[in-house]
>>> print(open('my_file39.txt').read())   # compact mmCIF, C-alpha atoms
# COMPACT_ATOMS: atom_id res chain seq x y z
CA MET A 207 62.19 113.91 -89.24
CA VAL A 208 63.72 115.38 -86.07
CA VAL A 209 60.49 114.84 -84.16
CA ALA A 210 60.31 111.26 -85.36
CA LEU A 211 63.93 110.67 -84.35
CA VAL A 212 63.33 112.12 -80.89
CA ALA A 213 60.23 109.94 -80.52
CA VAL A 214 62.17 106.82 -81.47
CA ILE A 215 64.98 107.68 -79.05
CA GLN A 216 62.64 108.33 -76.12
CA VAL A 217 60.68 105.15 -76.85
CA ALA A 218 63.90 103.13 -76.86
CA TYR A 219 65.08 104.81 -73.66
CA TYR A 220 61.92 104.34 -71.63
CA HIS A 221 61.54 100.78 -72.90
CA LYS A 222 64.90 99.79 -71.40
CA ARG A 223 65.75 102.39 -68.77
CA GLY A 224 62.49 103.98 -67.75
CA LEU A 225 62.78 102.63 -64.18
CA ARG A 226 66.49 103.29 -63.82
CA GLY A 227 67.02 105.37 -60.67
CA VAL A 228 63.39 104.90 -59.62
CA THR A 229 62.78 103.48 -56.14
CA TYR A 230 59.50 102.65 -54.48
CA LYS A 231 58.77 102.07 -50.79
CA ARG A 232 55.54 101.41 -48.93
CA SER A 233 54.70 100.97 -45.27
CA PHE A 234 51.95 101.32 -42.71
CA SER A 235 52.07 103.97 -40.00
CA ARG A 236 52.01 101.10 -37.50
CA ALA A 237 53.11 97.51 -37.94
CA ARG A 238 50.25 96.31 -35.71
CA ALA A 239 46.65 97.37 -35.32
CA VAL A 240 43.39 96.05 -33.87
CA ALA A 241 40.36 95.13 -35.97
CA GLY A 242 38.22 98.23 -36.42
CA GLU A 243 41.11 100.70 -36.15
CA LYS A 244 42.29 103.10 -38.85
CA LEU A 245 45.88 103.82 -39.84
CA GLU A 246 47.89 105.24 -42.72
CA PHE A 247 49.19 103.38 -45.75
CA ILE A 248 52.24 105.30 -47.01
CA GLU A 249 53.75 105.19 -50.51
CA GLU A 250 57.11 106.77 -51.38
CA LEU A 251 58.34 106.99 -54.97
CA SER A 252 61.55 108.75 -55.97
CA ASN A 253 63.42 109.48 -59.19
CA ASP A 254 67.16 109.87 -58.57
CA LYS A 255 68.15 110.95 -62.08
CA LEU A 256 67.98 114.07 -64.27
CA ILE A 257 65.59 112.58 -66.84
CA PRO A 258 61.91 112.74 -65.79
CA VAL A 259 59.55 109.79 -65.93
CA PRO A 260 56.25 110.80 -67.61
CA TRP A 261 54.26 108.20 -65.73
CA VAL A 262 54.83 105.37 -63.26
CA ARG A 263 52.03 102.98 -62.41
CA VAL A 264 52.22 101.01 -59.16
CA GLU A 265 50.10 97.84 -59.13
CA SER A 266 49.53 95.37 -56.30
CA ARG A 267 46.94 93.24 -54.61
CA ILE A 268 45.70 94.40 -51.22
CA SER A 269 43.13 92.46 -49.24
CA SER A 270 39.59 93.80 -49.31
CA ARG A 271 39.69 93.56 -45.51
CA LEU A 272 41.90 96.67 -45.58
CA ARG A 273 39.48 99.32 -46.82
CA PHE A 274 40.66 102.61 -48.31
CA THR A 275 38.47 105.31 -46.79
CA ARG A 276 39.15 107.69 -49.70
CA GLN A 277 40.05 107.04 -53.32
CA LYS A 278 42.32 109.77 -54.62
CA ASP A 279 45.24 109.32 -57.03
CA HIS A 280 44.64 105.60 -56.98
CA GLU A 281 42.20 103.06 -58.36
CA ILE A 282 40.78 99.96 -56.69
CA ASN A 283 39.14 97.18 -58.65
CA LEU A 284 37.00 94.59 -56.86
CA ASP A 285 38.22 96.01 -53.53
CA GLN A 286 41.44 94.11 -54.05
CA PHE A 287 43.59 95.32 -56.95
CA HIS A 288 45.29 98.61 -56.02
CA ARG A 289 46.74 100.94 -58.65
CA SER A 290 48.46 104.32 -58.19
CA VAL A 291 49.83 106.55 -60.96
CA PHE A 292 52.67 109.06 -60.49
CA PHE A 293 54.55 111.65 -62.56
CA LEU A 294 58.19 111.93 -61.55
CA GLY A 295 60.24 114.98 -62.42
CA PRO A 296 64.04 115.08 -62.19
CA TYR A 297 65.34 114.24 -58.72
CA THR A 298 61.83 114.08 -57.34
CA ARG A 299 60.38 112.30 -54.33
CA ILE A 300 56.63 111.88 -53.88
CA THR A 301 54.94 110.67 -50.71
CA ARG A 302 51.28 109.71 -50.62
CA ARG A 303 49.30 108.79 -47.52
CA HIS A 304 46.07 106.83 -47.66
CA GLU A 305 43.79 106.19 -44.70
CA ILE A 306 43.06 102.49 -44.23
CA GLU A 307 40.38 100.89 -42.06
CA CYS A 308 41.20 97.40 -40.75
CA LEU A 309 37.94 95.51 -41.13
CA ARG A 310 39.07 92.07 -39.93
CA ARG A 311 41.89 90.47 -37.99
CA GLY A 312 44.62 88.89 -40.08
CA TRP A 313 48.14 89.07 -41.38
CA TYR A 314 48.37 91.09 -44.56
CA ASP A 315 51.40 90.73 -46.80
CA CYS A 316 51.35 93.84 -49.00
CA GLY A 317 55.00 93.79 -50.02
CA LYS A 318 54.89 92.59 -53.63
CA VAL A 319 54.49 95.39 -56.14
CA ASN A 320 54.66 95.68 -59.92
CA LEU A 321 56.12 98.95 -61.25
CA VAL A 322 55.38 100.05 -64.82
CA ALA A 323 57.00 103.14 -66.33
CA GLY A 324 56.33 104.55 -69.79
CA ASP A 325 57.14 107.29 -72.29
CA LEU A 326 55.22 110.43 -73.17
CA LEU A 327 53.51 108.90 -76.18
CA GLY A 328 52.44 105.70 -74.46
CA LEU A 329 54.35 103.65 -77.03
CA ALA A 330 56.86 102.01 -74.70
CA SER A 331 56.96 100.77 -71.13
CA CYS A 332 59.13 98.71 -68.85
CA ARG A 333 58.20 96.65 -65.83
CA SER A 334 59.84 95.62 -62.60
CA ASP A 335 58.71 93.46 -59.69
CA VAL A 336 59.60 94.83 -56.26
CA ASP A 337 59.22 93.28 -52.81
CA THR A 338 58.96 96.11 -50.30
CA GLY A 339 58.62 93.80 -47.29
CA CYS A 340 55.49 95.67 -46.20
CA SER A 341 53.10 93.70 -43.97
CA LEU A 342 50.55 94.38 -41.27
CA TYR A 343 49.30 92.39 -38.29
CA VAL A 344 45.69 93.13 -37.36
CA TYR A 345 44.95 91.74 -33.91
CA PRO A 346 41.47 90.46 -33.08
CA ARG A 347 39.26 92.82 -31.15
CA ILE A 348 39.13 91.81 -27.48
CA PRO A 349 35.45 91.31 -26.60
CA ASP A 350 33.92 92.74 -23.45
CA ALA A 351 33.07 90.43 -20.54
CA VAL A 352 29.36 90.44 -21.46
CA GLU A 353 30.27 88.98 -24.88
CA LEU A 354 32.15 86.01 -23.41
CA PRO A 355 30.56 82.58 -22.86
CA ASP A 356 29.42 81.88 -19.31
CA SER A 357 31.94 79.05 -19.08
CA ALA A 358 34.80 81.51 -19.73
CA LEU A 359 33.61 83.83 -16.96
CA LYS A 360 33.21 80.92 -14.57
CA TRP A 361 36.72 79.69 -15.38
CA GLN A 362 38.16 83.13 -14.62
CA GLY A 363 36.42 83.12 -11.26
CA ASP A 364 37.62 79.61 -10.45
CA VAL A 365 41.23 80.52 -11.24
CA THR A 366 41.01 83.62 -9.06
CA VAL A 367 39.63 81.62 -6.12
CA ARG A 368 42.19 78.82 -6.45
CA ARG A 369 44.97 81.33 -6.79
CA TRP A 370 44.40 83.10 -3.49
CA ILE A 371 42.30 80.80 -1.30
CA LEU A 372 42.64 77.11 -2.06
CA PRO A 373 45.87 75.12 -1.63
CA ASP A 374 47.35 73.90 -4.89
CA PRO A 375 47.19 70.06 -5.19
CA ILE A 376 50.54 70.06 -6.99
CA LEU A 377 52.73 72.36 -4.88
CA VAL A 378 53.92 70.45 -1.76
CA ASN A 379 55.95 72.59 0.66
CA GLY A 380 56.39 70.26 3.68
CA ILE A 381 55.15 67.48 5.99
CA ARG A 382 53.37 67.56 9.37
CA GLU A 383 51.51 65.22 11.70
CA TYR A 384 48.01 64.12 10.80
CA ARG A 385 45.12 66.18 12.19
CA PRO A 386 41.45 65.14 12.30
CA GLY A 387 39.81 66.14 9.03
CA ASP A 388 42.92 65.85 6.85
CA PRO A 389 42.07 63.94 3.65
CA LEU A 390 43.64 60.52 3.24
CA LYS A 391 44.98 61.49 -0.19
CA ASP A 392 47.39 63.87 1.58
CA VAL A 393 48.96 61.12 3.75
CA HIS A 394 52.71 60.84 3.11
CA TRP A 395 53.17 57.09 3.49
CA GLY A 396 56.95 57.17 3.31
CA ALA A 397 57.24 59.67 6.17
CA THR A 398 54.58 57.76 8.12
CA ALA A 399 56.62 54.55 7.87
CA ARG A 400 59.81 56.30 8.97
CA THR A 401 58.35 58.12 11.99
CA GLY A 402 55.75 55.59 13.10
CA GLN A 403 53.12 58.36 13.16
CA VAL A 404 50.75 59.37 10.42
CA GLN A 405 52.24 62.27 8.44
CA VAL A 406 50.47 64.40 5.83
CA LYS A 407 51.75 66.65 3.07
CA THR A 408 51.26 70.41 3.43
CA ARG A 409 50.61 72.38 0.30
CA ASP A 410 51.52 75.82 -0.90
CA TYR A 411 49.09 78.26 -2.41
CA THR A 412 49.00 78.95 -6.10
CA VAL A 413 50.54 82.38 -6.62
CA SER A 414 51.54 81.98 -10.25
CA PRO A 415 49.10 79.81 -12.20
CA ARG A 416 50.14 78.75 -15.68
CA VAL A 417 47.52 78.66 -18.42
CA LEU A 418 47.57 77.04 -21.85
CA LEU A 419 44.82 78.16 -24.22
CA ILE A 420 44.00 75.65 -26.96
CA PHE A 421 41.73 76.74 -29.81
CA ASN A 422 39.99 74.05 -31.85
CA THR A 423 39.42 75.08 -35.48
CA GLN A 424 37.14 72.10 -36.14
CA ILE A 425 33.46 73.01 -36.08
CA SER A 426 32.25 69.51 -35.13
CA ASP A 427 33.62 66.06 -34.36
CA GLY A 428 34.22 63.97 -37.46
CA LEU A 429 33.99 66.88 -39.92
CA LEU A 430 37.11 66.68 -42.07
CA GLY A 431 36.17 68.72 -45.13
CA GLY A 432 35.78 72.44 -45.69
CA MET A 433 33.42 74.65 -43.73
CA GLN A 434 30.66 76.99 -44.79
CA PRO A 435 31.37 80.74 -44.46
CA GLU A 436 28.88 81.05 -41.61
CA GLU A 437 30.68 78.26 -39.72
CA VAL A 438 34.02 80.00 -40.14
CA GLU A 439 32.41 83.22 -38.94
CA PHE A 440 31.06 81.39 -35.89
CA LEU A 441 34.53 80.04 -35.02
CA GLU A 442 35.91 83.59 -35.26
CA ARG A 443 34.22 84.11 -31.90
CA GLY A 444 36.60 81.56 -30.43
CA ILE A 445 39.57 83.67 -31.50
CA GLY A 446 38.01 86.60 -29.67
CA VAL A 447 37.55 84.45 -26.57
CA CYS A 448 41.22 83.41 -26.68
CA ALA A 449 42.29 87.05 -27.06
CA ALA A 450 40.18 88.09 -24.07
CA LEU A 451 41.46 85.27 -21.84
CA ALA A 452 45.08 85.88 -22.82
CA SER A 453 44.69 89.59 -22.05
CA TRP A 454 43.08 88.79 -18.69
CA CYS A 455 45.85 86.36 -17.76
CA VAL A 456 48.64 88.83 -18.51
CA SER A 457 46.90 91.68 -16.68
CA SER A 458 46.43 89.33 -13.69
CA GLY A 459 50.10 88.30 -13.63
CA ILE A 460 49.35 84.78 -14.89
CA GLU A 461 51.59 82.97 -17.35
CA VAL A 462 49.74 82.09 -20.53
CA GLY A 463 50.52 80.09 -23.65
CA PHE A 464 48.62 79.20 -26.80
CA ALA A 465 48.22 76.24 -29.14
CA SER A 466 45.88 75.35 -31.99
CA ASN A 467 45.22 72.79 -34.69
CA GLY A 468 44.77 75.58 -37.23
CA GLU A 469 47.22 76.90 -39.80
CA ASP A 470 49.68 79.78 -39.63
CA ALA A 471 49.24 82.10 -42.63
CA ARG A 472 52.97 82.87 -42.66
CA ASP A 473 54.08 79.22 -42.59
CA PRO A 474 51.40 76.54 -43.11
CA ALA A 475 53.81 73.77 -42.02
CA LYS A 476 54.52 75.40 -38.66
CA GLU A 477 53.07 73.93 -35.45
CA ILE A 478 51.08 76.57 -33.61
CA TYR A 479 52.39 76.47 -30.06
CA ILE A 480 53.57 79.25 -27.74
CA PRO A 481 54.90 78.11 -24.32
CA ALA A 482 53.39 79.82 -21.27
CA ARG A 483 55.08 83.04 -20.17
CA ASN A 484 54.00 86.37 -18.74
CA GLY A 485 54.38 90.02 -19.67
CA ALA A 486 53.35 92.44 -22.38
CA ALA A 487 55.66 90.81 -24.94
CA GLN A 488 53.92 87.47 -24.36
CA LEU A 489 50.50 89.02 -24.93
CA ASP A 490 51.80 90.50 -28.20
CA ALA A 491 53.10 87.06 -29.22
CA VAL A 492 49.71 85.44 -28.56
CA LEU A 493 47.75 88.20 -30.31
CA GLU A 494 50.14 88.06 -33.26
CA GLN A 495 49.56 84.32 -33.52
CA LEU A 496 45.81 84.86 -33.34
CA ALA A 497 46.13 87.41 -36.17
CA THR A 498 47.93 84.91 -38.41
CA LEU A 499 45.70 81.95 -37.50
CA VAL A 500 43.79 80.49 -40.42
CA ILE A 501 40.56 78.74 -39.41
CA LYS A 502 41.43 75.52 -41.14
CA MET A 503 41.87 72.13 -39.51
CA LYS A 504 45.43 71.01 -40.12
CA THR A 505 45.07 68.15 -37.64
CA GLY A 506 42.58 66.98 -35.03
CA VAL A 507 42.61 68.87 -31.74
CA HIS A 508 43.40 65.56 -30.00
CA ALA A 509 46.84 65.68 -31.68
CA VAL A 510 47.52 69.04 -30.00
CA LEU A 511 46.64 67.48 -26.65
CA ASP A 512 48.82 64.45 -27.45
CA HIS A 513 51.81 66.76 -27.92
CA ARG A 514 51.28 68.29 -24.49
CA ILE A 515 50.96 64.82 -22.93
CA ALA A 516 54.14 63.68 -24.69
CA ASP A 517 56.19 66.68 -23.53
CA GLY A 518 55.24 66.05 -19.89
CA THR A 519 53.06 69.11 -19.33
CA THR A 520 52.18 69.41 -15.64
CA GLY A 521 50.91 72.07 -13.24
CA MET A 522 49.00 73.74 -16.06
CA ASP A 523 45.46 75.04 -16.38
CA VAL A 524 44.59 73.78 -19.87
CA VAL A 525 41.66 75.63 -21.42
CA VAL A 526 40.17 74.12 -24.59
CA VAL A 527 38.13 76.67 -26.53
CA SER A 528 36.03 74.45 -28.77
CA ASN A 529 32.57 74.29 -30.28
CA TYR A 530 32.23 70.67 -29.14
CA TRP A 531 33.56 68.06 -26.71
CA SER A 532 34.02 64.40 -27.59
CA GLU A 533 35.16 61.11 -26.11
CA THR A 534 38.43 61.47 -27.99
CA ILE A 535 39.11 64.85 -26.37
CA GLU A 536 37.94 63.64 -22.95
CA LYS A 537 40.36 60.71 -23.11
CA ARG A 538 43.30 63.11 -23.56
CA ALA A 539 41.90 65.47 -20.95
CA ALA A 540 41.84 62.61 -18.42
CA GLN A 541 45.51 61.87 -19.16
CA LEU A 542 46.43 65.51 -18.65
CA ARG A 543 44.55 65.59 -15.35
CA LEU A 544 46.44 62.49 -14.15
CA ALA A 545 49.67 64.34 -14.94
CA GLY A 546 48.69 67.14 -12.54
CA ASN A 547 46.88 69.55 -14.86
CA SER A 548 43.36 70.92 -14.84
CA VAL A 549 41.40 70.83 -18.10
CA THR A 550 38.44 73.10 -18.82
CA HIS A 551 36.18 73.19 -21.88
CA ILE A 552 34.88 76.59 -22.94
CA GLN A 553 31.90 76.13 -25.23
CA LEU A 554 31.36 78.72 -27.94
CA ARG A 555 27.96 80.34 -28.22
>>> encode(input="my_file39.txt", output="structure tokens")
Amino acid sequence: MVVALVAVIQVAYYHKRGLRGVTYKRSFSRARAVAGEKLEFIEELSNDKLIPVPWVRVESRISSRLRFTRQKDHEINLDQFHRSVFFLGPYTRITRRHEIECLRRGWYDCGKVNLVAGDLLGLASCRSDVDTGCSLYVYPRIPDAVELPDSALKWQGDVTVRRWILPDPILVNGIREYRPGDPLKDVHWGATARTGQVQVKTRDYTVSPRVLLIFNTQISDGLLGGMQPEEVEFLERGIGVCAALASWCVSSGIEVGFASNGEDARDPAKEIYIPARNGAAQLDAVLEQLATLVIKMKTGVHAVLDHRIADGTTGMDVVVVSNYWSETIEKRAAQLRLAGNSVTHIQLR
């Protein structure tokens, strides 16, 4: 009778208060990683009361792109459903560390967890949903120069040459008298009329180019539906190209921005656009956006170009990383060139 009474009491207790005083935290050893890297996934579970908890099961979904290198004290079903089981004594704290390999770039929200605690006999349990706020940004791997399309390498060379050798057609720093060989497009007609002698504009040299990378998530012109997995995989190369060019710009002291017609995994309604700036923080911002980019066409790439035309973009090297080029894109590119920008198409391979 006493045993039965004790059993009933403990069943009632763990059914209602099994998780009382129990806290769970999880985190990664770093908030950001690069595809291919390994890091630690850390779980902390504590019991802040005198009464022990015979078992606590922690359940959550973790992307199969984050691979556990060892399976100890936890169970993984279908490489996605993660389950850990703990015993918590009185006033106990347990920390477990799991090695994770980041297989693919992405933004991984691993914060939502379901806690289940139960009694000794397995007759009662209670549940609680917890949001730990745990997430991880996995940046795309930056490809080596030999992996980049020839058009990307040529563009880098052209920017370098224009930066240090050729006068910038946009930056006018003064006026002087005409000399034989000066192009007619440089004649300053207003100054010529005032002085009675032909005057030409003198131009400064580009010391701080500004670059806007635009990534097109559409595999071909006119394709509005979903893509095959191999097509998505092919477009992943474009994300690597953008990462490499952004890294090169920042290391070269060049301001760089980013835009795309894809979708942001954190906020699908958000427009993907980062204004051009320089510095390590800017490179992190671009790589973070590339990590969260979903290869899904939210709008045509021409709409992204329309936004830049509408906001008066000028003096910018616009680089369109796209699997194709069309009349629709060329029309917008011509408008951007008339506004004082250069526009370059980098073809994926």
>>> residues_around(input="my_file39.txt", residues="A:Ala475", least_positions_apart="5", cutoff="10 Å", atoms="all atoms listed in the file", output="MDAnalysis selection string")
chainID A and resid 469:470 504
>>> atom_distance(input="my_file39.txt", atom1="atom CA of A:Thr423", atom2="atom CA of A:Arg267")
27.4 Å
>>> closest_residue(input="my_file39.txt", among="A:Glu307, A:Arg333, A:Pro435, A:His551", to="A:Thr275", atoms="all atoms listed in the file")
A:Glu307
>>> residues_around(input="my_file39.txt", residues="A:His508", least_positions_apart="4", cutoff="7 Å", atoms="only C-alpha atoms", output="PyMOL selection string")
chain A and resi 512+534-535+538
>>> atom_distance(input="my_file39.txt", atom1="atom CA of A:Ile460", atom2="atom CA of A:Arg416")
6.1 Å
>>> residues_around(input="my_file39.txt", residues="A:Ser458", least_positions_apart="5", cutoff="12 Å", atoms="only C-alpha atoms", output="compact mmCIF listing (two decimals) with C-alpha atoms, keeping the file's coordinate frame")
# COMPACT_ATOMS: atom_id res chain seq x y z
CA GLN A 362 38.16 83.13 -14.62
CA VAL A 365 41.23 80.52 -11.24
CA THR A 366 41.01 83.62 -9.06
CA ARG A 369 44.97 81.33 -6.79
CA VAL A 413 50.54 82.38 -6.62
CA SER A 414 51.54 81.98 -10.25
CA PRO A 415 49.10 79.81 -12.20
CA ARG A 416 50.14 78.75 -15.68
CA VAL A 417 47.52 78.66 -18.42
CA LEU A 451 41.46 85.27 -21.84
CA ALA A 452 45.08 85.88 -22.82
CA SER A 453 44.69 89.59 -22.05
CA ASN A 484 54.00 86.37 -18.74
CA GLY A 485 54.38 90.02 -19.67
CA ALA A 486 53.35 92.44 -22.38
CA LEU A 489 50.50 89.02 -24.93
>>> closest_residue(input="my_file39.txt", among="A:Ala241, A:His304, A:Asp337, A:Arg347", to="A:Arg276", atoms="all atoms listed in the file")
A:His304
>>> atom_distance(input="my_file39.txt", atom1="atom CA of A:Ala471", atom2="atom CA of A:Leu499")
6.2 Å
>>> closest_residue(input="my_file39.txt", among="A:Leu493, A:Leu256, A:Phe421, A:Glu436", to="A:Gly312", atoms="all atoms listed in the file")
A:Leu493
>>> closest_residue(input="my_file39.txt", among="A:Thr301, A:Thr520, A:Gln286, A:Ser252", to="A:Glu265", atoms="all atoms listed in the file")
A:Gln286
>>> closest_residue(input="my_file39.txt", among="A:Gly459, A:Pro474, A:Gly506, A:Gly227", to="A:Asn253", atoms="all atoms listed in the file")
A:Gly227
>>> residues_around(input="my_file39.txt", residues="A:Ile381", least_positions_apart="3", cutoff="8 Å", atoms="all atoms listed in the file", output="PyMOL selection string")
chain A and resi 394+405-408
>>> write_last_selection(input="my_file39.txt", atoms="C-alpha atoms", output="PDB file, in the coordinates of the input")
ATOM      1  CA  HIS A 394      52.710  60.840   3.110  1.00  0.00           C
ATOM      2  CA  GLN A 405      52.240  62.270   8.440  1.00  0.00           C
ATOM      3  CA  VAL A 406      50.470  64.400   5.830  1.00  0.00           C
ATOM      4  CA  LYS A 407      51.750  66.650   3.070  1.00  0.00           C
ATOM      5  CA  THR A 408      51.260  70.410   3.430  1.00  0.00           C
TER       6      THR A 408
END
>>> closest_residue(input="my_file39.txt", among="A:Gln434, A:Thr229, A:Ser235, A:Gln553", to="A:Ile306", atoms="only C-alpha atoms")
A:Ser235
>>> residues_around(input="my_file39.txt", residues="A:Gly295", least_positions_apart="3", cutoff="12 Å", atoms="only C-alpha atoms", output="list of chain:residue names")
A:Gly227, A:Val228, A:Leu251, A:Ser252, A:Asn253, A:Asp254, A:Lys255, A:Leu256, A:Ile257, A:Pro258, A:Val259, A:Pro260, A:Trp261, A:Val262, A:Phe292, A:Thr298, A:Arg299, A:Ile300
